[in-house]
Structure formats: structure tokens, C-alpha cells
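To be precise, the following lines are target.cif, and they hold mmCIF, C-alpha atoms.
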```
data_coords
loop_
_atom_site.label_atom_id
_atom_site.label_comp_id
_atom_site.auth_asym_id
_atom_site.auth_seq_id
_atom_site.Cartn_x
_atom_site.Cartn_y
_atom_site.Cartn_z
CA MET A 1 -17.56 7.58 11.36
CA GLY A 2 -20.58 5.37 10.75
CA GLY A 3 -21.00 3.08 7.79
CA ASP A 4 -23.38 5.49 6.07
CA ALA A 5 -21.00 8.44 6.24
CA THR A 6 -20.19 10.01 2.91
CA ARG A 7 -16.65 10.19 1.58
CA GLY A 8 -16.53 13.90 2.41
CA ASP A 9 -17.69 13.22 5.96
CA THR A 10 -15.02 10.54 6.31
CA LEU A 11 -12.34 13.01 5.21
CA VAL A 12 -13.58 15.56 7.74
CA ASP A 13 -13.62 12.85 10.42
CA GLU A 14 -10.06 11.89 9.55
CA VAL A 15 -8.92 15.51 9.81
CA ALA A 16 -10.69 15.77 13.17
CA LEU A 17 -8.99 12.54 14.26
CA MET A 18 -5.62 13.94 13.26
CA GLU A 19 -6.28 17.09 15.30
CA CYS A 20 -7.06 14.88 18.29
CA VAL A 21 -3.96 12.76 17.68
CA ALA A 22 -1.89 15.97 17.54
CA ALA A 23 -3.40 16.82 20.93
CA GLU A 24 -2.11 13.41 22.10
CA GLN A 25 -5.53 11.83 22.61
CA MET A 26 -4.85 8.09 22.68
CA ASP A 27 -8.42 7.07 21.78
CA ALA A 28 -8.21 9.10 18.58
CA PHE A 29 -4.88 7.47 17.73
CA GLU A 30 -6.37 4.03 18.32
CA ALA A 31 -9.31 4.89 16.04
CA LEU A 32 -6.92 6.13 13.35
CA TYR A 33 -4.83 2.97 13.70
CA ARG A 34 -7.89 0.74 13.30
CA LEU A 35 -9.04 2.79 10.32
CA TYR A 36 -5.71 2.53 8.48
CA HIS A 37 -4.47 -0.90 9.57
CA PRO A 38 -6.17 -2.92 6.75
CA ARG A 39 -5.19 -0.54 3.95
CA LEU A 40 -1.64 -0.09 5.18
CA THR A 41 -1.24 -3.84 5.63
CA ARG A 42 -2.39 -4.43 2.04
CA PHE A 43 -0.10 -1.72 0.69
CA LEU A 44 2.94 -2.81 2.68
CA MET A 45 2.43 -6.49 1.86
CA GLY A 46 2.22 -5.66 -1.83
CA MET A 47 5.28 -3.47 -1.63
CA THR A 48 7.52 -5.69 0.50
CA HIS A 49 6.19 -9.23 0.01
CA ARG A 50 7.47 -9.95 3.51
CA PRO A 51 4.73 -10.81 6.00
CA ALA A 52 7.18 -10.74 8.91
CA LEU A 53 8.19 -7.19 8.03
CA VAL A 54 4.73 -5.69 7.39
CA GLU A 55 3.64 -5.34 11.03
CA GLU A 56 6.99 -3.84 11.96
CA ILE A 57 6.78 -1.25 9.19
CA LEU A 58 3.14 -0.54 10.03
CA ASP A 59 4.03 0.02 13.69
CA ASP A 60 6.96 2.26 12.71
CA THR A 61 4.63 4.20 10.42
CA MET A 62 2.03 4.73 13.09
CA LEU A 63 4.72 5.74 15.60
CA VAL A 64 5.80 8.47 13.19
CA VAL A 65 2.14 9.49 12.78
CA TRP A 66 1.81 9.76 16.56
CA ARG A 67 5.04 11.72 17.00
CA ARG A 68 4.58 13.99 13.98
CA ALA A 69 0.79 14.51 14.03
CA HIS A 70 1.36 18.15 14.91
CA THR A 71 3.09 18.62 11.52
CA TYR A 72 0.08 17.36 9.53
CA ASP A 73 -1.36 20.03 7.21
CA PRO A 74 -5.18 19.82 7.35
CA THR A 75 -5.45 21.02 3.75
CA ALA A 76 -3.91 17.70 2.62
CA LYS A 77 -5.63 14.33 2.67
CA VAL A 78 -4.85 12.35 5.80
CA SER A 79 -4.46 9.16 3.76
CA THR A 80 -1.89 10.76 1.48
CA TRP A 81 0.14 11.92 4.48
CA ILE A 82 -0.01 8.54 6.22
CA PHE A 83 0.74 6.52 3.07
CA GLY A 84 3.70 8.81 2.38
CA ILE A 85 5.10 7.92 5.77
CA ALA A 86 4.40 4.21 5.18
CA TYR A 87 6.12 4.34 1.79
CA ARG A 88 9.27 5.90 3.23
CA GLN A 89 9.30 3.45 6.16
CA ALA A 90 8.93 0.52 3.75
CA LEU A 91 11.80 1.73 1.56
CA LYS A 92 13.96 2.14 4.66
CA ALA A 93 13.14 -1.39 5.84
CA LEU A 94 13.74 -2.86 2.38
CA ARG A 95 17.13 -1.15 2.15
CA GLN A 96 18.07 -2.60 5.54
CA CYS A 97 16.98 -6.09 4.40
CA GLY A 98 18.57 -5.94 0.96
CA ASP A 99 15.16 -6.06 -0.82
CA VAL A 100 15.34 -9.80 -1.46
CA ALA A 101 12.17 -11.80 -0.77
CA THR A 102 12.25 -15.56 -0.99
CA ALA A 103 9.25 -17.59 -2.04
CA ALA A 104 9.01 -19.04 1.47
CA GLU A 105 8.62 -15.54 2.95
CA VAL A 106 5.76 -14.62 0.64
CA GLY A 107 2.43 -15.57 2.19
CA GLU A 108 -0.50 -16.79 0.16
CA ALA A 109 -3.15 -14.11 0.01
CA ALA A 110 -6.62 -15.28 0.87
CA LEU A 111 -8.59 -16.00 -2.27
CA PRO A 112 -12.36 -16.13 -2.30
CA SER A 113 -12.88 -19.87 -2.47
CA ALA A 114 -16.43 -20.24 -1.21
CA GLN A 115 -18.91 -21.22 -3.91
CA LEU A 116 -16.19 -21.65 -6.56
CA ALA A 117 -15.81 -24.77 -8.66
CA PRO A 118 -12.46 -26.51 -8.06
CA ASP A 119 -11.23 -25.74 -11.59
CA VAL A 120 -12.11 -22.04 -11.21
CA GLU A 121 -10.41 -21.89 -7.82
CA LEU A 122 -7.30 -23.59 -9.25
CA HIS A 123 -7.29 -21.16 -12.19
CA GLN A 124 -7.52 -18.19 -9.78
CA ARG A 125 -4.69 -19.57 -7.64
CA ASP A 126 -2.52 -20.02 -10.74
CA LEU A 127 -3.21 -16.46 -11.91
CA HIS A 128 -2.56 -15.11 -8.42
CA ALA A 129 0.74 -17.01 -8.21
CA MET A 130 1.85 -15.70 -11.63
CA LEU A 131 0.95 -12.13 -10.72
CA ASP A 132 2.63 -12.41 -7.33
CA HIS A 133 5.79 -13.76 -8.94
CA ALA A 134 5.77 -10.96 -11.54
CA MET A 135 5.17 -8.27 -8.89
CA ARG A 136 8.24 -9.48 -6.96
CA ALA A 137 10.31 -8.83 -10.10
CA LEU A 138 9.43 -5.12 -9.98
CA SER A 139 11.39 -2.53 -8.04
CA ALA A 140 9.92 -1.38 -4.70
CA GLU A 141 8.95 1.95 -6.28
CA GLN A 142 7.15 0.23 -9.17
CA ARG A 143 5.35 -2.13 -6.78
CA ALA A 144 4.26 0.85 -4.71
CA VAL A 145 2.83 2.63 -7.77
CA ILE A 146 0.89 -0.49 -8.79
CA GLU A 147 -0.42 -1.06 -5.25
CA LEU A 148 -1.43 2.57 -4.76
CA THR A 149 -3.13 2.77 -8.16
CA TYR A 150 -4.88 -0.54 -8.62
CA TYR A 151 -5.46 -1.77 -5.10
CA LEU A 152 -5.93 1.47 -3.17
CA GLY A 153 -7.36 3.70 -5.91
CA TYR A 154 -5.04 6.69 -5.68
CA ALA A 155 -4.58 9.09 -8.59
CA CYS A 156 -1.15 9.97 -9.99
CA ARG A 157 -1.06 13.33 -8.21
CA GLU A 158 -1.78 11.71 -4.84
CA ILE A 159 0.82 9.02 -5.49
CA ALA A 160 3.35 11.73 -6.33
CA THR A 161 2.65 13.32 -2.96
CA ILE A 162 2.93 9.99 -1.15
CA MET A 163 6.18 9.09 -2.92
CA ASP A 164 7.52 12.65 -2.75
CA CYS A 165 8.30 12.81 -6.46
CA PRO A 166 6.95 14.57 -9.56
CA VAL A 167 3.76 13.28 -11.23
CA ASP A 168 5.79 12.49 -14.34
CA THR A 169 8.02 10.18 -12.27
CA VAL A 170 4.92 8.31 -11.09
CA LYS A 171 3.75 7.97 -14.68
CA THR A 172 7.19 6.75 -15.76
CA ARG A 173 7.30 4.18 -12.97
CA MET A 174 3.80 3.03 -13.94
CA PHE A 175 4.82 2.76 -17.60
CA TYR A 176 7.87 0.63 -16.82
CA ALA A 177 5.97 -1.47 -14.25
CA ARG A 178 3.21 -2.24 -16.76
CA ARG A 179 5.72 -3.01 -19.46
CA ARG A 180 7.65 -5.34 -17.17
CA LEU A 181 4.45 -7.06 -15.98
CA LYS A 182 3.30 -7.50 -19.57
CA ALA A 183 6.62 -9.06 -20.50
CA LEU A 184 6.54 -11.37 -17.48
CA LEU A 185 2.88 -12.28 -17.78
CA GLY A 186 2.34 -11.93 -21.51
CA ALA A 187 2.30 -15.51 -22.73
CA SER A 188 1.11 -16.93 -19.41
CA CYS A 189 -1.90 -14.64 -19.18
CA GLU A 190 -2.92 -15.15 -22.79
CA GLU A 191 -2.81 -18.92 -22.25
CA ALA A 192 -4.75 -18.60 -18.99
CA MET A 193 -7.54 -16.59 -20.59
#
```

Kindly transcribe the structure held in the file into C-alpha cells.
Amino acid sequence: MGGDATRGDTLVDEVALMECVAAEQMDAFEALYRLYHPRLTRFLMGMTHRPALVEEILDDTMLVVWRRAHTYDPTAKVSTWIFGIAYRQALKALRQCGDVATAAEVGEAALPSAQLAPDVELHQRDLHAMLDHAMRALSAEQRAVIELTYYLGYACREIATIMDCPVDTVKTRMFYARRRLKALLGASCEEAM
């Protein structure tokens, strides 16, 4: 899984990793964990807005991956299967917590501040804060669709598989999420631009 591997090679490597995980090879599981940790962290943070909960959900997700690796269908994308598990684990955790995130629980995401003028950095922080606030106003399902689409690059069909719903439901959630974000950010974003 070198840095110059093609996307197709990476998919094959992931399938091979899953086969090794299904055979209970701990080194393969550790490699899979390292491979997915950053993306799952990003996704779960965007979906839950609870830093204290993200690691717990990620660990629960990977425990399910370890225990259920033998059920993975190699004709499906590994990432779709794993993100589907993460999505369900996040919804479960949010239901248990009441899905209420306070501003104090939401961590500041690292913004690229090197080489930026102070006014540009301040502008970026303001935009980030507005977007973060607006994202918290969305339902967990709508946040998941936004995260999977814009931050992780999944297509509607893949998101439908992850969320275990029809493609049209994904599109509907995206429509309402965009509409809600536009309403929440509308005047603020136009002023900021």
C-alpha cells in the first residue's frame, strides 16, 4: 500500500486486508485501523460534533469490523462497508446521548494558519464558525450526507449503501440539508464574501 499505488491497487489491497482480518490476523486489522482512522474521525466528528464521543464510536466501529469481517462481501467497496458500520454506530451513540451538542463540546478544527495574513485567518475562522454552527442545526442524517459527499467524496449510490436507504432518500436529505444551510448561512455568507 505504498504512496504511489493507484486507486484500483488500493481497493485490491483493502479487500486483501479484509480477507486477512476475517482470518483474524491482528497485523492486518491494525493496518486497516490506521488506514481508516483519519477518515472515520473526520466523518464522525462532522456527524456528532462531540470530540469525546468520536473515539468511542470509532473503537465500536472497528470492533464490529473485527467481529464481522467474515461477513464482508468482497464485491463491495471496503470503505462503503466500514462507513456503513460507523454511520449506524454514530446514530446509536447519538440516540443514547439525546443528540444535543453544546458549544463547549464542539472542538475547534485546525485551520491552516501558516502564511496567512491575520485578517484572512480571522475571516476563515469566522466562516468556519458559521458553518460549524449551521451544521449542528442539521439532523444527524443530513450531517452524514454532507460529510460523506463534500468531505469524503462519496457518490449518492455509495452513501445510500452506507446509510442503508434508497438513493432518492439520500438526494432528499441532501436537498433539505442544502436548503437549511442556505437559510442559516444565506445573509452571513453573502456579507462575508

Chain and number of each residue from the PyMOL selection byres ((chain A and resi 143) around 10), as a count of residues only: 23

Gap from CA of Leu53 (chain A) to CA of His37 (chain A) - Å, one decimal: 14.2 Å

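Interatomic distance, CA of Thr41 (chain A) against CA of His128 (chain A): 18.1 Å.
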
Between CA of Gln96 (chain A) and CA of Phe83 (chain A), distance in Å (one decimal): 19.7 Å

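Proximity ranking of A:Leu63, A:Tyr176, A:Arg42, A:Asp168 relative to Tyr150 (chain A) places A:Arg42 first, based on all atoms listed in the file.
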
Neighbour list for Leu32 (chain A) as a PyMOL selection string, cut-off 9 Å, only C-alpha atoms, skip fewer than 5 positions in-chain: chain A and resi 14+17-18+21+27+37

For C-alpha atoms, I'd like the residues from the last selection saved as a CSV table (one decimal), in the coordinates of the input.
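Full text of again_12.csv as output:
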```csv
chain,number,residue,atom,x,y,z
A,14,GLU,CA,-10.1,11.9,9.6
A,17,LEU,CA,-9.0,12.5,14.3
A,18,MET,CA,-5.6,13.9,13.3
A,21,VAL,CA,-4.0,12.8,17.7
A,27,ASP,CA,-8.4,7.1,21.8
A,37,HIS,CA,-4.5,-0.9,9.6
```

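Closest approach to Thr71 (chain A) among A:Ala183, A:Ala155, A:Met163, A:Ala22: A:Ala22, based on all atoms listed in the file.
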
Contacts of Thr169 (chain A) at 10 Å (only C-alpha atoms; same-chain gap of 5+ positions) as JSON, numbers by chain: {"A": [156, 159, 160, 163, 164, 174, 175]}

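Residues with any atom within 12 Å of Val78 (chain A), counting all atoms listed in the file and excluding same-chain neighbours fewer than 5 positions away, are A:Thr10, A:Leu11, A:Val12, A:Asp13, A:Glu14, A:Val15, A:Ala16, A:Leu17, A:Met18, A:Glu19, A:Val21, A:Leu32, A:Leu35, A:Tyr36, A:Val65, A:Ala69, A:Thr71, A:Tyr72, A:Asp73, A:Phe83, A:Gly84, A:Ile85, A:Glu158, A:Thr161, A:Ile162.
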
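With distances restricted to all atoms listed in the file, A:Leu40 is the closest residue to Leu152 (chain A) from A:Leu181, A:Ala134, A:Ile82, A:Leu40.
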
Will you model all heavy atoms for region 27-38 of chain A and pass it back as a PDB file, in the coordinates of the input?
```pdb
ATOM      1  N   ASP A  27      -7.263   7.711  22.415  1.00  0.00           N
ATOM      2  CA  ASP A  27      -8.420   7.070  21.780  1.00  0.00           C
ATOM      3  C   ASP A  27      -8.540   7.456  20.317  1.00  0.00           C
ATOM      4  O   ASP A  27      -8.915   6.633  19.486  1.00  0.00           O
ATOM      5  CB  ASP A  27      -9.716   7.378  22.547  1.00  0.00           C
ATOM      6  CG  ASP A  27     -10.010   8.866  22.651  1.00  0.00           C
ATOM      7  OD1 ASP A  27      -9.056   9.680  22.623  1.00  0.00           O
ATOM      8  OD2 ASP A  27     -11.197   9.226  22.768  1.00  0.00           O
ATOM      9  N   ALA A  28      -8.192   8.669  19.980  1.00  0.00           N
ATOM     10  CA  ALA A  28      -8.210   9.100  18.580  1.00  0.00           C
ATOM     11  C   ALA A  28      -7.129   8.367  17.785  1.00  0.00           C
ATOM     12  O   ALA A  28      -7.356   7.948  16.649  1.00  0.00           O
ATOM     13  CB  ALA A  28      -8.006  10.609  18.479  1.00  0.00           C
ATOM     14  N   PHE A  29      -5.962   8.205  18.397  1.00  0.00           N
ATOM     15  CA  PHE A  29      -4.880   7.470  17.730  1.00  0.00           C
ATOM     16  C   PHE A  29      -5.289   6.023  17.495  1.00  0.00           C
ATOM     17  O   PHE A  29      -5.050   5.479  16.420  1.00  0.00           O
ATOM     18  CB  PHE A  29      -3.597   7.540  18.559  1.00  0.00           C
ATOM     19  CG  PHE A  29      -2.468   6.779  17.943  1.00  0.00           C
ATOM     20  CD1 PHE A  29      -1.847   7.235  16.792  1.00  0.00           C
ATOM     21  CD2 PHE A  29      -2.031   5.586  18.499  1.00  0.00           C
ATOM     22  CE1 PHE A  29      -0.812   6.526  16.205  1.00  0.00           C
ATOM     23  CE2 PHE A  29      -0.994   4.872  17.924  1.00  0.00           C
ATOM     24  CZ  PHE A  29      -0.382   5.340  16.777  1.00  0.00           C
ATOM     25  N   GLU A  30      -5.914   5.409  18.476  1.00  0.00           N
ATOM     26  CA  GLU A  30      -6.370   4.030  18.320  1.00  0.00           C
ATOM     27  C   GLU A  30      -7.405   3.915  17.201  1.00  0.00           C
ATOM     28  O   GLU A  30      -7.375   2.972  16.411  1.00  0.00           O
ATOM     29  CB  GLU A  30      -6.948   3.508  19.636  1.00  0.00           C
ATOM     30  CG  GLU A  30      -5.886   3.277  20.689  1.00  0.00           C
ATOM     31  CD  GLU A  30      -6.459   2.947  22.062  1.00  0.00           C
ATOM     32  OE1 GLU A  30      -7.699   2.816  22.200  1.00  0.00           O
ATOM     33  OE2 GLU A  30      -5.664   2.825  23.005  1.00  0.00           O
ATOM     34  N   ALA A  31      -8.305   4.882  17.109  1.00  0.00           N
ATOM     35  CA  ALA A  31      -9.310   4.890  16.040  1.00  0.00           C
ATOM     36  C   ALA A  31      -8.634   5.041  14.675  1.00  0.00           C
ATOM     37  O   ALA A  31      -8.995   4.357  13.705  1.00  0.00           O
ATOM     38  CB  ALA A  31     -10.329   5.994  16.269  1.00  0.00           C
ATOM     39  N   LEU A  32      -7.657   5.926  14.595  1.00  0.00           N
ATOM     40  CA  LEU A  32      -6.920   6.130  13.350  1.00  0.00           C
ATOM     41  C   LEU A  32      -6.154   4.856  12.969  1.00  0.00           C
ATOM     42  O   LEU A  32      -6.145   4.456  11.801  1.00  0.00           O
ATOM     43  CB  LEU A  32      -5.947   7.309  13.498  1.00  0.00           C
ATOM     44  CG  LEU A  32      -5.303   7.830  12.226  1.00  0.00           C
ATOM     45  CD1 LEU A  32      -6.342   8.499  11.328  1.00  0.00           C
ATOM     46  CD2 LEU A  32      -4.187   8.813  12.564  1.00  0.00           C
ATOM     47  N   TYR A  33      -5.559   4.217  13.943  1.00  0.00           N
ATOM     48  CA  TYR A  33      -4.830   2.970  13.700  1.00  0.00           C
ATOM     49  C   TYR A  33      -5.768   1.906  13.140  1.00  0.00           C
ATOM     50  O   TYR A  33      -5.451   1.246  12.150  1.00  0.00           O
ATOM     51  CB  TYR A  33      -4.185   2.491  15.009  1.00  0.00           C
ATOM     52  CG  TYR A  33      -3.251   1.317  14.827  1.00  0.00           C
ATOM     53  CD1 TYR A  33      -1.890   1.513  14.673  1.00  0.00           C
ATOM     54  CD2 TYR A  33      -3.734   0.012  14.812  1.00  0.00           C
ATOM     55  CE1 TYR A  33      -1.023   0.439  14.503  1.00  0.00           C
ATOM     56  CE2 TYR A  33      -2.875  -1.070  14.640  1.00  0.00           C
ATOM     57  CZ  TYR A  33      -1.522  -0.845  14.489  1.00  0.00           C
ATOM     58  OH  TYR A  33      -0.680  -1.907  14.317  1.00  0.00           O
ATOM     59  N   ARG A  34      -6.914   1.733  13.771  1.00  0.00           N
ATOM     60  CA  ARG A  34      -7.890   0.740  13.300  1.00  0.00           C
ATOM     61  C   ARG A  34      -8.389   1.074  11.897  1.00  0.00           C
ATOM     62  O   ARG A  34      -8.598   0.188  11.076  1.00  0.00           O
ATOM     63  CB  ARG A  34      -9.081   0.643  14.258  1.00  0.00           C
ATOM     64  CG  ARG A  34      -8.795  -0.161  15.498  1.00  0.00           C
ATOM     65  CD  ARG A  34     -10.058  -0.452  16.285  1.00  0.00           C
ATOM     66  NE  ARG A  34     -10.838   0.719  16.630  1.00  0.00           N
ATOM     67  CZ  ARG A  34     -10.622   1.493  17.690  1.00  0.00           C
ATOM     68  NH1 ARG A  34      -9.639   1.221  18.521  1.00  0.00           N
ATOM     69  NH2 ARG A  34     -11.385   2.531  17.929  1.00  0.00           N
ATOM     70  N   LEU A  35      -8.557   2.345  11.620  1.00  0.00           N
ATOM     71  CA  LEU A  35      -9.040   2.790  10.320  1.00  0.00           C
ATOM     72  C   LEU A  35      -8.025   2.487   9.210  1.00  0.00           C
ATOM     73  O   LEU A  35      -8.390   2.054   8.116  1.00  0.00           O
ATOM     74  CB  LEU A  35      -9.333   4.294  10.364  1.00  0.00           C
ATOM     75  CG  LEU A  35      -9.895   4.953   9.122  1.00  0.00           C
ATOM     76  CD1 LEU A  35     -11.285   4.404   8.812  1.00  0.00           C
ATOM     77  CD2 LEU A  35      -9.971   6.468   9.332  1.00  0.00           C
ATOM     78  N   TYR A  36      -6.746   2.674   9.500  1.00  0.00           N
ATOM     79  CA  TYR A  36      -5.710   2.530   8.480  1.00  0.00           C
ATOM     80  C   TYR A  36      -5.027   1.166   8.458  1.00  0.00           C
ATOM     81  O   TYR A  36      -4.373   0.822   7.482  1.00  0.00           O
ATOM     82  CB  TYR A  36      -4.664   3.650   8.604  1.00  0.00           C
ATOM     83  CG  TYR A  36      -5.151   4.877   7.904  1.00  0.00           C
ATOM     84  CD1 TYR A  36      -5.923   5.823   8.571  1.00  0.00           C
ATOM     85  CD2 TYR A  36      -4.912   5.056   6.550  1.00  0.00           C
ATOM     86  CE1 TYR A  36      -6.424   6.927   7.919  1.00  0.00           C
ATOM     87  CE2 TYR A  36      -5.403   6.159   5.883  1.00  0.00           C
ATOM     88  CZ  TYR A  36      -6.157   7.082   6.571  1.00  0.00           C
ATOM     89  OH  TYR A  36      -6.653   8.161   5.914  1.00  0.00           O
ATOM     90  N   HIS A  37      -5.166   0.391   9.493  1.00  0.00           N
ATOM     91  CA  HIS A  37      -4.470  -0.900   9.570  1.00  0.00           C
ATOM     92  C   HIS A  37      -4.714  -1.778   8.343  1.00  0.00           C
ATOM     93  O   HIS A  37      -3.747  -2.261   7.725  1.00  0.00           O
ATOM     94  CB  HIS A  37      -4.841  -1.633  10.864  1.00  0.00           C
ATOM     95  CG  HIS A  37      -4.041  -2.864  11.080  1.00  0.00           C
ATOM     96  ND1 HIS A  37      -4.384  -4.079  10.516  1.00  0.00           N
ATOM     97  CD2 HIS A  37      -2.894  -3.081  11.773  1.00  0.00           C
ATOM     98  CE1 HIS A  37      -3.490  -4.978  10.866  1.00  0.00           C
ATOM     99  NE2 HIS A  37      -2.573  -4.401  11.628  1.00  0.00           N
ATOM    100  N   PRO A  38      -5.968  -2.025   7.914  1.00  0.00           N
ATOM    101  CA  PRO A  38      -6.170  -2.920   6.750  1.00  0.00           C
ATOM    102  C   PRO A  38      -5.555  -2.393   5.462  1.00  0.00           C
ATOM    103  O   PRO A  38      -4.912  -3.138   4.713  1.00  0.00           O
ATOM    104  CB  PRO A  38      -7.692  -3.022   6.621  1.00  0.00           C
ATOM    105  CG  PRO A  38      -8.255  -2.504   7.900  1.00  0.00           C
ATOM    106  CD  PRO A  38      -7.236  -1.594   8.492  1.00  0.00           C
TER     107      PRO A  38
END
```
